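J.: My structure file protein-v1.cif, mmCIF, C-alpha atoms (C1' of nucleotides), is below:
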data_upload
#
loop_
_atom_site.label_atom_id
_atom_site.label_comp_id
_atom_site.auth_asym_id
_atom_site.auth_seq_id
_atom_site.Cartn_x
_atom_site.Cartn_y
_atom_site.Cartn_z
CA MET A 1 -1.63 -3.89 1.30
CA GLN A 2 -0.75 -4.17 -2.33
CA LEU A 3 2.27 -3.77 -4.53
CA LYS A 4 2.56 -0.42 -6.23
CA LYS A 5 1.75 -0.20 -9.90
CA TYR A 6 5.25 1.15 -10.23
CA THR A 7 6.61 -2.24 -9.18
CA ASP A 8 4.12 -4.05 -11.34
CA TYR A 9 5.12 -2.05 -14.38
CA GLY A 10 8.76 -2.84 -13.71
CA LEU A 11 8.04 -6.54 -13.79
CA ARG A 12 6.02 -6.23 -16.98
CA ILE A 13 8.90 -4.41 -18.63
CA LEU A 14 11.29 -7.18 -17.67
CA MET A 15 8.88 -9.80 -18.97
CA TYR A 16 8.57 -7.94 -22.24
CA LEU A 17 12.32 -7.77 -22.65
CA GLY A 18 12.81 -11.37 -21.63
CA ALA A 19 10.23 -12.68 -24.06
CA LYS A 20 11.55 -10.61 -26.94
CA GLU A 21 15.24 -11.23 -26.37
CA GLY A 22 14.74 -14.90 -25.71
CA ALA A 23 13.35 -15.21 -29.23
CA GLN A 24 16.36 -13.58 -30.84
CA THR A 25 18.64 -16.25 -32.19
CA THR A 26 21.97 -14.44 -32.23
CA ASP A 27 22.93 -11.82 -29.69
CA LYS A 28 24.58 -9.58 -32.23
CA GLU A 29 21.98 -9.76 -34.93
CA GLN A 30 19.23 -8.25 -32.86
CA GLY A 31 16.88 -5.70 -34.27
CA GLN A 32 15.97 -2.33 -32.85
CA LEU A 33 16.21 -1.88 -29.09
CA THR A 34 13.04 -1.76 -27.10
CA ARG A 35 11.86 1.77 -26.49
CA ILE A 36 9.69 3.24 -23.78
CA ARG A 37 7.04 3.81 -26.41
CA ASP A 38 6.99 0.11 -27.24
CA ILE A 39 6.19 -0.72 -23.62
CA CYS A 40 3.50 1.94 -23.43
CA ASP A 41 1.87 0.80 -26.65
CA THR A 42 1.87 -2.81 -25.56
CA PHE A 43 0.54 -2.39 -22.04
CA ASP A 44 -1.33 0.88 -22.57
CA LEU A 45 0.55 2.77 -19.89
CA SER A 46 1.62 6.36 -19.31
CA VAL A 47 4.89 7.33 -21.00
CA ASN A 48 5.98 9.38 -18.01
CA HIS A 49 5.47 6.63 -15.52
CA VAL A 50 7.22 4.00 -17.60
CA ASN A 51 9.99 6.50 -18.18
CA LYS A 52 10.78 6.54 -14.48
CA VAL A 53 10.52 2.83 -14.01
CA VAL A 54 12.88 2.20 -16.93
CA HIS A 55 15.30 4.68 -15.48
CA HIS A 56 15.11 2.93 -12.13
CA LEU A 57 15.67 -0.49 -13.68
CA GLY A 58 18.70 0.99 -15.38
CA ARG A 59 20.15 2.29 -12.14
CA LEU A 60 19.63 -1.15 -10.66
CA ASN A 61 21.70 -2.59 -13.53
CA LEU A 62 18.88 -4.88 -14.48
CA ILE A 63 18.63 -3.31 -17.90
CA GLU A 64 21.06 -1.36 -20.00
CA THR A 65 19.72 1.91 -21.34
CA ARG A 66 21.09 3.72 -24.37
CA ARG A 67 20.31 7.31 -25.14
CA GLY A 68 20.23 8.99 -28.49
CA LYS A 69 18.87 7.99 -31.83
CA ASN A 70 18.23 4.26 -32.15
CA GLY A 71 18.53 4.11 -28.37
CA GLY A 72 16.40 2.09 -26.05
CA PHE A 73 17.11 -0.59 -23.52
CA LEU A 74 17.71 -4.31 -23.12
CA LEU A 75 18.27 -6.78 -20.33
CA ALA A 76 21.65 -6.34 -18.72
CA LYS A 77 21.68 -9.89 -17.32
CA ALA A 78 20.46 -13.30 -18.25
CA PRO A 79 16.84 -13.80 -17.15
CA GLY A 80 18.03 -16.53 -14.81
CA GLU A 81 20.14 -13.98 -12.98
CA ILE A 82 17.25 -11.63 -12.23
CA ARG A 83 15.69 -12.68 -8.95
CA LEU A 84 12.14 -11.60 -8.25
CA ASP A 85 12.75 -10.77 -4.62
CA PHE A 86 15.45 -8.32 -5.62
CA VAL A 87 13.32 -6.61 -8.23
CA ILE A 88 10.31 -6.25 -5.98
CA ARG A 89 12.27 -5.22 -2.91
CA GLN A 90 14.07 -2.51 -4.85
CA LEU A 91 11.14 -1.13 -6.80
CA GLU A 92 8.75 -1.37 -3.93
CA GLY A 93 11.07 0.02 -1.30
CA ASP A 94 12.03 -2.04 1.70
CA GLU A 95 10.25 -0.37 4.58
CA PRO A 96 8.78 -2.28 7.54
CA TRP A 97 5.27 -3.51 6.95
CA ILE A 98 4.09 -2.25 10.29
CA GLU A 99 4.57 1.24 11.59
CA CYS A 100 5.55 1.57 15.24
CA HIS A 101 6.46 5.20 15.09
CA ASN A 102 4.37 7.78 13.29
CA PRO A 103 2.39 7.73 15.40
CA TYR A 104 4.63 6.32 18.07
CA CYS A 105 3.13 3.33 19.86
CA VAL A 106 3.62 3.33 23.62
CA ALA A 107 3.61 -0.45 23.63
CA LEU A 108 6.76 -0.59 21.53
CA PRO A 109 9.19 -1.52 24.33
CA ALA A 110 7.12 -4.57 25.20
CA CYS A 111 5.68 -5.33 21.77
CA GLU A 112 6.19 -8.66 20.06
CA LEU A 113 4.19 -7.77 16.98
CA ASN A 114 6.71 -5.91 14.88
CA GLY A 115 9.15 -8.78 15.10
CA ILE A 116 6.54 -11.31 14.03
CA VAL A 117 5.42 -9.25 11.06
CA ALA A 118 9.02 -8.58 10.06
CA ARG A 119 9.74 -12.30 10.05
CA GLY A 120 6.65 -12.91 7.95
CA LYS A 121 7.78 -10.30 5.49
CA GLU A 122 11.15 -12.00 5.16
CA LEU A 123 9.43 -15.32 4.51
CA PHE A 124 7.52 -13.67 1.69
CA TYR A 125 10.73 -12.43 0.12
CA ASP A 126 12.51 -15.71 0.80
CA TYR A 127 9.85 -17.39 -1.26
CA LEU A 128 10.19 -14.91 -4.09
CA ALA A 129 13.95 -15.48 -4.01
CA GLN A 130 13.33 -18.94 -5.44
CA PHE A 131 12.17 -17.43 -8.71
CA THR A 132 13.84 -15.47 -11.45
CA LEU A 133 12.67 -13.75 -14.58
CA ASN A 134 13.06 -17.10 -16.27
CA ASP A 135 10.15 -18.43 -14.26
CA LEU A 136 7.98 -15.64 -15.62
CA LEU A 137 8.84 -16.70 -19.15
CA LYS A 138 7.51 -20.24 -19.04
CA LYS A 139 4.92 -19.36 -21.64
CA GLN A 140 7.32 -17.34 -23.71
CA GLY A 141 5.74 -18.15 -27.03
CA GLN A 142 2.33 -17.07 -25.89
CA LEU A 143 3.77 -13.90 -24.37
CA LEU A 144 5.54 -13.08 -27.60
CA GLN A 145 2.38 -13.42 -29.57
CA ILE A 146 0.46 -11.27 -27.10
CA PHE A 147 3.10 -8.56 -27.15
CA SER A 148 3.39 -8.52 -30.92
CA THR A 149 -0.33 -8.16 -31.48
CA ALA A 150 -1.06 -5.86 -28.54
CA SER A 151 0.80 -2.85 -29.85
CA MET B 1 3.44 -2.02 0.88
CA GLN B 2 2.50 -1.60 4.49
CA LEU B 3 -0.28 -2.63 6.80
CA LYS B 4 -2.95 -0.01 7.29
CA LYS B 5 -2.98 1.92 10.54
CA TYR B 6 -6.49 0.61 10.84
CA THR B 7 -5.14 -2.91 11.19
CA ASP B 8 -2.39 -1.78 13.50
CA TYR B 9 -4.88 -0.07 15.76
CA GLY B 10 -6.99 -3.20 15.89
CA LEU B 11 -4.03 -5.22 17.13
CA ARG B 12 -3.19 -2.61 19.73
CA ILE B 13 -6.73 -2.71 21.00
CA LEU B 14 -6.58 -6.47 21.36
CA MET B 15 -3.26 -6.22 23.17
CA TYR B 16 -4.71 -3.66 25.52
CA LEU B 17 -7.66 -5.86 26.32
CA GLY B 18 -5.53 -8.96 26.66
CA ALA B 19 -3.10 -7.35 29.05
CA LYS B 20 -5.83 -5.85 31.16
CA GLU B 21 -8.09 -8.86 31.32
CA GLY B 22 -5.23 -11.24 31.93
CA ALA B 23 -4.50 -9.35 35.10
CA GLN B 24 -8.03 -9.64 36.44
CA THR B 25 -8.18 -12.48 38.93
CA THR B 26 -11.85 -13.41 38.74
CA ASP B 27 -13.88 -13.15 35.58
CA LYS B 28 -16.97 -11.90 37.32
CA GLU B 29 -15.33 -9.39 39.58
CA GLN B 30 -13.95 -7.24 36.80
CA GLY B 31 -14.10 -3.49 36.95
CA GLN B 32 -15.44 -1.13 34.34
CA LEU B 33 -15.36 -2.27 30.77
CA THR B 34 -12.78 -0.78 28.46
CA ARG B 35 -14.10 2.16 26.53
CA ILE B 36 -13.03 3.68 23.24
CA ARG B 37 -11.81 6.69 25.16
CA ASP B 38 -9.48 4.49 27.22
CA ILE B 39 -7.82 3.24 24.06
CA CYS B 40 -7.52 6.71 22.62
CA ASP B 41 -6.02 8.11 25.81
CA THR B 42 -3.51 5.29 26.03
CA PHE B 43 -2.31 5.27 22.44
CA ASP B 44 -3.10 8.89 21.59
CA LEU B 45 -5.37 8.03 18.68
CA SER B 46 -8.41 9.57 17.05
CA VAL B 47 -11.71 8.64 18.69
CA ASN B 48 -13.45 8.32 15.35
CA HIS B 49 -10.95 5.95 13.89
CA VAL B 50 -10.81 3.72 16.94
CA ASN B 51 -14.56 3.81 16.95
CA LYS B 52 -14.65 2.06 13.60
CA VAL B 53 -12.00 -0.44 14.45
CA VAL B 54 -13.77 -1.42 17.67
CA HIS B 55 -16.97 -1.83 15.78
CA HIS B 56 -15.23 -4.02 13.23
CA LEU B 57 -13.64 -6.17 15.92
CA GLY B 58 -17.10 -6.58 17.39
CA ARG B 59 -18.58 -7.73 14.08
CA LEU B 60 -15.76 -10.23 13.83
CA ASN B 61 -16.75 -11.58 17.24
CA LEU B 62 -13.28 -10.98 18.56
CA ILE B 63 -14.61 -8.59 21.18
CA GLU B 64 -17.99 -8.16 22.76
CA THR B 65 -19.32 -4.61 22.71
CA ARG B 66 -21.94 -3.26 25.06
CA ARG B 67 -23.81 -0.08 24.43
CA GLY B 68 -25.34 2.26 26.94
CA LYS B 69 -24.18 3.56 30.26
CA ASN B 70 -21.30 1.57 31.74
CA GLY B 71 -20.87 0.08 28.31
CA GLY B 72 -17.63 -0.72 26.58
CA PHE B 73 -16.04 -3.86 25.27
CA LEU B 74 -14.00 -6.89 26.25
CA LEU B 75 -12.41 -9.87 24.58
CA ALA B 76 -14.98 -12.34 23.34
CA LYS B 77 -12.50 -15.23 23.26
CA ALA B 78 -9.47 -16.43 25.14
CA PRO B 79 -6.31 -14.75 23.82
CA GLY B 80 -5.06 -18.15 22.72
CA GLU B 81 -8.07 -18.43 20.42
CA ILE B 82 -7.36 -15.21 18.55
CA ARG B 83 -5.06 -15.99 15.66
CA LEU B 84 -3.03 -13.16 14.19
CA ASP B 85 -3.53 -14.21 10.60
CA PHE B 86 -7.27 -14.00 11.03
CA VAL B 87 -7.17 -10.58 12.63
CA ILE B 88 -4.85 -9.11 10.03
CA ARG B 89 -6.58 -10.70 7.06
CA GLN B 90 -9.94 -9.42 8.18
CA LEU B 91 -8.94 -5.92 9.18
CA GLU B 92 -6.61 -5.48 6.26
CA GLY B 93 -8.91 -6.90 3.65
CA ASP B 94 -7.91 -9.93 1.66
CA GLU B 95 -7.31 -8.55 -1.80
CA PRO B 96 -4.57 -9.82 -4.12
CA TRP B 97 -1.24 -8.12 -3.60
CA ILE B 98 -0.79 -7.59 -7.30
CA GLU B 99 -3.26 -5.97 -9.61
CA CYS B 100 -3.77 -7.62 -13.00
CA HIS B 101 -6.85 -5.69 -13.95
CA ASN B 102 -7.21 -1.96 -13.42
CA PRO B 103 -5.44 -1.40 -15.64
CA TYR B 104 -5.85 -4.73 -17.34
CA CYS B 105 -2.58 -6.39 -18.22
CA VAL B 106 -2.45 -7.99 -21.65
CA ALA B 107 0.03 -10.55 -20.40
CA LEU B 108 -2.49 -11.98 -17.96
CA PRO B 109 -3.34 -15.14 -19.93
CA ALA B 110 0.32 -16.14 -19.99
CA CYS B 111 1.48 -14.56 -16.74
CA GLU B 112 3.07 -16.58 -13.97
CA LEU B 113 3.61 -13.63 -11.68
CA ASN B 114 0.25 -13.32 -9.99
CA GLY B 115 0.36 -16.95 -8.91
CA ILE B 116 3.82 -16.58 -7.43
CA VAL B 117 2.92 -13.47 -5.49
CA ALA B 118 -0.30 -15.06 -4.31
CA ARG B 119 1.61 -18.06 -2.96
CA GLY B 120 4.05 -15.75 -1.20
CA LYS B 121 1.16 -13.92 0.36
CA GLU B 122 -0.26 -17.17 1.67
CA LEU B 123 3.11 -18.08 3.16
CA PHE B 124 3.07 -14.78 5.00
CA TYR B 125 -0.31 -15.55 6.46
CA ASP B 126 0.62 -19.15 7.17
CA TYR B 127 3.43 -17.86 9.31
CA LEU B 128 1.15 -15.48 11.16
CA ALA B 129 -1.23 -18.37 11.77
CA GLN B 130 1.30 -19.82 14.18
CA PHE B 131 0.71 -16.95 16.58
CA THR B 132 -2.18 -15.83 18.71
CA LEU B 133 -2.89 -12.84 20.89
CA ASN B 134 -1.20 -14.80 23.66
CA ASP B 135 2.10 -14.45 21.86
CA LEU B 136 1.70 -10.70 21.91
CA LEU B 137 1.25 -10.79 25.69
CA LYS B 138 4.56 -12.37 26.60
CA LYS B 139 5.56 -9.21 28.42
CA GLN B 140 2.17 -8.72 29.94
CA GLY B 141 3.43 -7.13 33.12
CA GLN B 142 5.40 -4.53 31.26
CA LEU B 143 2.48 -3.85 28.95
CA LEU B 144 0.16 -3.37 31.90
CA GLN B 145 2.46 -0.86 33.44
CA ILE B 146 2.84 1.03 30.19
CA PHE B 147 -0.90 1.15 29.63
CA SER B 148 -1.68 2.25 33.18
CA THR B 149 0.78 5.13 33.08
CA ALA B 150 0.24 6.18 29.47
CA SER B 151 -3.30 7.44 29.90
"C1'" DA C 1 27.23 20.78 -38.36
"C1'" DT C 2 22.54 19.81 -38.18
"C1'" DT C 3 18.75 17.36 -37.06
"C1'" DA C 4 16.00 13.96 -35.02
"C1'" DA C 5 15.29 10.42 -31.76
"C1'" DA C 6 15.99 8.55 -27.73
"C1'" DG C 7 16.42 8.51 -22.40
"C1'" DA C 8 17.28 11.77 -18.04
"C1'" DT C 9 15.49 14.92 -14.84
"C1'" DG C 10 12.84 18.11 -12.09
"C1'" DC C 11 8.67 20.01 -11.02
"C1'" DA C 12 3.62 20.38 -11.26
"C1'" DT C 13 -0.77 18.28 -11.14
"C1'" DT C 14 -4.29 14.78 -10.50
"C1'" DA C 15 -6.41 10.71 -8.46
"C1'" DT C 16 -6.99 7.36 -4.99
"C1'" DG C 17 -7.81 5.73 -0.69
"C1'" DG C 18 -6.64 5.84 4.04
"C1'" DA C 19 -7.30 8.74 8.01
"C1'" DT C 20 -10.26 11.98 10.42
"C1'" DG C 21 -14.21 14.74 11.63
"C1'" DT C 22 -19.32 15.85 12.35
"C1'" DA C 23 -23.88 14.73 13.44
"C1'" DG C 24 -27.18 12.26 14.80
"C1'" DG C 25 -29.19 7.50 16.03
"C1'" DT C 26 -29.70 3.56 19.20
"C1'" DT C 27 -29.36 1.14 23.49
"C1'" DA C 28 -28.87 0.44 28.36
"C1'" DT C 29 -28.41 2.11 33.10
"C1'" DG C 30 -30.15 4.31 37.06
"C1'" DC D 1 -36.02 10.64 31.29
"C1'" DA D 2 -31.31 11.96 31.40
"C1'" DT D 3 -26.94 10.28 30.61
"C1'" DA D 4 -23.30 7.54 28.82
"C1'" DA D 5 -21.85 4.46 25.95
"C1'" DC D 6 -21.49 2.28 21.09
"C1'" DC D 7 -23.60 2.51 16.10
"C1'" DT D 8 -23.89 4.49 11.57
"C1'" DA D 9 -23.74 7.37 7.69
"C1'" DC D 10 -21.86 10.92 5.81
"C1'" DA D 11 -18.41 14.51 4.71
"C1'" DT D 12 -13.75 16.22 4.64
"C1'" DC D 13 -8.82 16.09 4.98
"C1'" DC D 14 -4.47 14.54 3.66
"C1'" DA D 15 -0.57 11.59 2.24
"C1'" DT D 16 1.19 9.59 -1.55
"C1'" DA D 17 0.91 7.08 -5.62
"C1'" DA D 18 0.09 8.04 -10.30
"C1'" DT D 19 0.48 10.94 -14.04
"C1'" DG D 20 1.58 15.03 -16.88
"C1'" DC D 21 4.65 18.68 -18.73
"C1'" DA D 22 8.81 20.95 -20.01
"C1'" DT D 23 13.41 20.83 -20.73
"C1'" DC D 24 18.03 18.93 -20.89
"C1'" DT D 25 21.46 15.68 -22.49
"C1'" DT D 26 23.16 12.20 -25.38
"C1'" DT D 27 23.75 9.73 -29.66
"C1'" DA D 28 23.30 8.38 -34.52
"C1'" DA D 29 22.18 9.39 -39.10
"C1'" DT D 30 22.38 12.63 -42.73
#
The structure given in the file should be rewritten as structure tokens.
T.:
Amino acid sequence: MQLKKYTDYGLRILMYLGAKEGAQTTDKEQGQLTRIRDICDTFDLSVNHVNKVVHHLGRLNLIETRRGKNGGFLLAKAPGEIRLDFVIRQLEGDEPWIECHNPYCVALPACELNGIVARGKELFYDYLAQFTLNDLLKKQGQLLQIFSTAS
Amino acid sequence: MQLKKYTDYGLRILMYLGAKEGAQTTDKEQGQLTRIRDICDTFDLSVNHVNKVVHHLGRLNLIETRRGKNGGFLLAKAPGEIRLDFVIRQLEGDEPWIECHNPYCVALPACELNGIVARGKELFYDYLAQFTLNDLLKKQGQLLQIFSTAS
DNA sequence: ATTAAAGATGCATTATGGATGTAGGTTATG
DNA sequence: CATAACCTACATCCATAATGCATCTTTAAT
């Protein structure tokens, strides 16, 4: 019962982008785009894994990816528009937390458990829905310093 | 992100015991104790796995186990005393849902995420705390019939 | 055009941990 | 003392997350 590292990495990537882009004064006069390598250097992660997460974030329209020389990626929305429940639900996959089939449970027709757990799961996500990427950037200055020295 | 089958099996075992014992008119005049084999036959599970879950439930003092001939196990408390949050927390293990170490995340000193997820986790368990084994036995009659014919 | 730098993609491999299996030990009944 | 139950410690299997590798496609600079 734990979030996948895959999901975790996705959130770190968003935090990295949010901290960096929040520090840029003008939208147009930004420097180089963030590259996969930048993320890997900062967090000491596998290029291949981050590759896939970045791609996934792109498909979710949370970031915009650009191929080719001087390519990279950046947030596709304002940090306040990126809700944590959405990110986690999508990256994690939204399967039931309890498995009634596989193997099939004979009690299923009379079972109250799956409903209770499903409601609990929704409460978890409802809580996360109160937060956005902005809430992860409260200590933006400190994050920036960490990210700039970590690579 | 899913409960372990181990936990699931534990809840099924408790439901089985609750349904069966709830149907027994007098406490003293009960028949044979429930055995691991009974659970396995009913739910079509592995003896070895159920073995461990039963043992765990015993250590948690949720059931009383008796060794030797005519041994077996039974609920150690009234179903209304067995809270679902406790059962799931114990069987599942109470680790954080997000991993900040292993690999260590450089953002940790300035990260708001782990706290948010931890709060969400507690809300999940708070919700489960409203329910007991009794709530899983609403359809006790139907459960009894299922269990008696499933073996 | 050519080249280099970036992400995209598919497949292979490794690592982790849950799920099972095996073997024997311990306890209680009759 | 034989049997039937749970107890316990391993060992092994297996699903899947995590990671690696190779190649393709796209884009910008030269």
J.: Selection in question (the file shown): the PyMOL selection byres ((chain D) within 9 of (chain B)). Which residues does it include, as an NGL selection string?
T.: :D and (3-7)
J.: Got a sec to resolve the PyMOL selection byres ((chain D and resi 20-24) around 12) on this structure and send the residues as a PDB file with C-alpha atoms (C1' of nucleotides), keeping the file's coordinate frame?
T.:
ATOM      1  CA  SER A  46       1.620   6.360 -19.310  1.00  0.00           C
ATOM      2  CA  VAL A  47       4.890   7.330 -21.000  1.00  0.00           C
ATOM      3  CA  ASN A  48       5.980   9.380 -18.010  1.00  0.00           C
ATOM      4  CA  HIS A  49       5.470   6.630 -15.520  1.00  0.00           C
TER       5      HIS A  49
ATOM      6  C1'  DG C   7      16.420   8.510 -22.400  1.00  0.00           C
ATOM      7  C1'  DA C   8      17.280  11.770 -18.040  1.00  0.00           C
ATOM      8  C1'  DT C   9      15.490  14.920 -14.840  1.00  0.00           C
ATOM      9  C1'  DG C  10      12.840  18.110 -12.090  1.00  0.00           C
ATOM     10  C1'  DC C  11       8.670  20.010 -11.020  1.00  0.00           C
ATOM     11  C1'  DA C  12       3.620  20.380 -11.260  1.00  0.00           C
ATOM     12  C1'  DT C  13      -0.770  18.280 -11.140  1.00  0.00           C
ATOM     13  C1'  DT C  14      -4.290  14.780 -10.500  1.00  0.00           C
TER      14       DT C  14
ATOM     15  C1'  DA D  18       0.090   8.040 -10.300  1.00  0.00           C
ATOM     16  C1'  DT D  19       0.480  10.940 -14.040  1.00  0.00           C
ATOM     17  C1'  DT D  25      21.460  15.680 -22.490  1.00  0.00           C
ATOM     18  C1'  DT D  26      23.160  12.200 -25.380  1.00  0.00           C
TER      19       DT D  26
END
J.: To one decimal place in Å, what is the distance between atom CA of A:Met1 and atom CA of B:Met1?
T.: 5.4 Å
J.: In Å to one decimal, how far is atom CA of B:Asp94 from atom CA of A:Met15?
T.: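 Between atom CA of A:Met15 and atom CA of B:Asp94 the gap works out to 26.6 Å.
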J.: Please evaluate the PyMOL selection byres ((chain A and resi 90) around 12) against the displayed coordinates and give the resulting residues as a list in words.
T.: Leu3, Lys4, Tyr6, Thr7, Asp8, Gly10, Leu11, Val53, His56, Leu57, Arg59, Leu60, Asn61, Leu62, Arg83, Leu84, Asp85, Phe86, Val87, Ile88, Arg89, Leu91, Glu92, Gly93, Asp94, Glu95 and Tyr125 of chain A
J.: What is the atom CA of A:Ala78-atom CA of A:Arg37 distance in Å, reported with one decimal?
T.: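 Distance reported for this atom pair: 23.2 Å.
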J.: If the cut-off is 7 Å, can you tell me the residues of chain B near chain A, counting only C-alpha atoms? I'd like them as an mmCIF file with C-alpha atoms, keeping the file's coordinate frame.
T.:
data_model
loop_
_atom_site.group_PDB
_atom_site.id
_atom_site.type_symbol
_atom_site.label_atom_id
_atom_site.label_comp_id
_atom_site.auth_asym_id
_atom_site.auth_seq_id
_atom_site.Cartn_x
_atom_site.Cartn_y
_atom_site.Cartn_z
ATOM 1 C CA MET B 1 3.440 -2.020 0.880
ATOM 2 C CA GLN B 2 2.500 -1.600 4.490
ATOM 3 C CA LEU B 3 -0.280 -2.630 6.800
ATOM 4 C CA PHE B 43 -2.310 5.270 22.440
ATOM 5 C CA TRP B 97 -1.240 -8.120 -3.600
ATOM 6 C CA ILE B 98 -0.790 -7.590 -7.300
ATOM 7 C CA CYS B 105 -2.580 -6.390 -18.220
ATOM 8 C CA VAL B 106 -2.450 -7.990 -21.650
ATOM 9 C CA ALA B 107 0.030 -10.550 -20.400
ATOM 10 C CA ALA B 110 0.320 -16.140 -19.990
ATOM 11 C CA CYS B 111 1.480 -14.560 -16.740
ATOM 12 C CA GLU B 112 3.070 -16.580 -13.970
ATOM 13 C CA LEU B 113 3.610 -13.630 -11.680
ATOM 14 C CA GLY B 120 4.050 -15.750 -1.200
ATOM 15 C CA LYS B 121 1.160 -13.920 0.360
ATOM 16 C CA LEU B 123 3.110 -18.080 3.160
ATOM 17 C CA PHE B 124 3.070 -14.780 5.000
ATOM 18 C CA TYR B 127 3.430 -17.860 9.310
ATOM 19 C CA LEU B 128 1.150 -15.480 11.160
ATOM 20 C CA LEU B 136 1.700 -10.700 21.910
ATOM 21 C CA LYS B 139 5.560 -9.210 28.420
ATOM 22 C CA GLN B 142 5.400 -4.530 31.260
ATOM 23 C CA LEU B 143 2.480 -3.850 28.950
ATOM 24 C CA ILE B 146 2.840 1.030 30.190
#
J.: Write down, as an NGL selection string, each residue of chain C that has any atom within 9 Å of an atom of chain B, counting only C-alpha atoms (C1' of nucleotides).
T.: :C and (18-21 or 26-29)
J.: Quick one: everything within 10 Å of D:DA11, counting all atoms listed in the file, minus sequence neighbours fewer than 2 positions away in the same chain. Send it as a ChimeraX atom specification.
T.: /C:21-22 /D:9,13
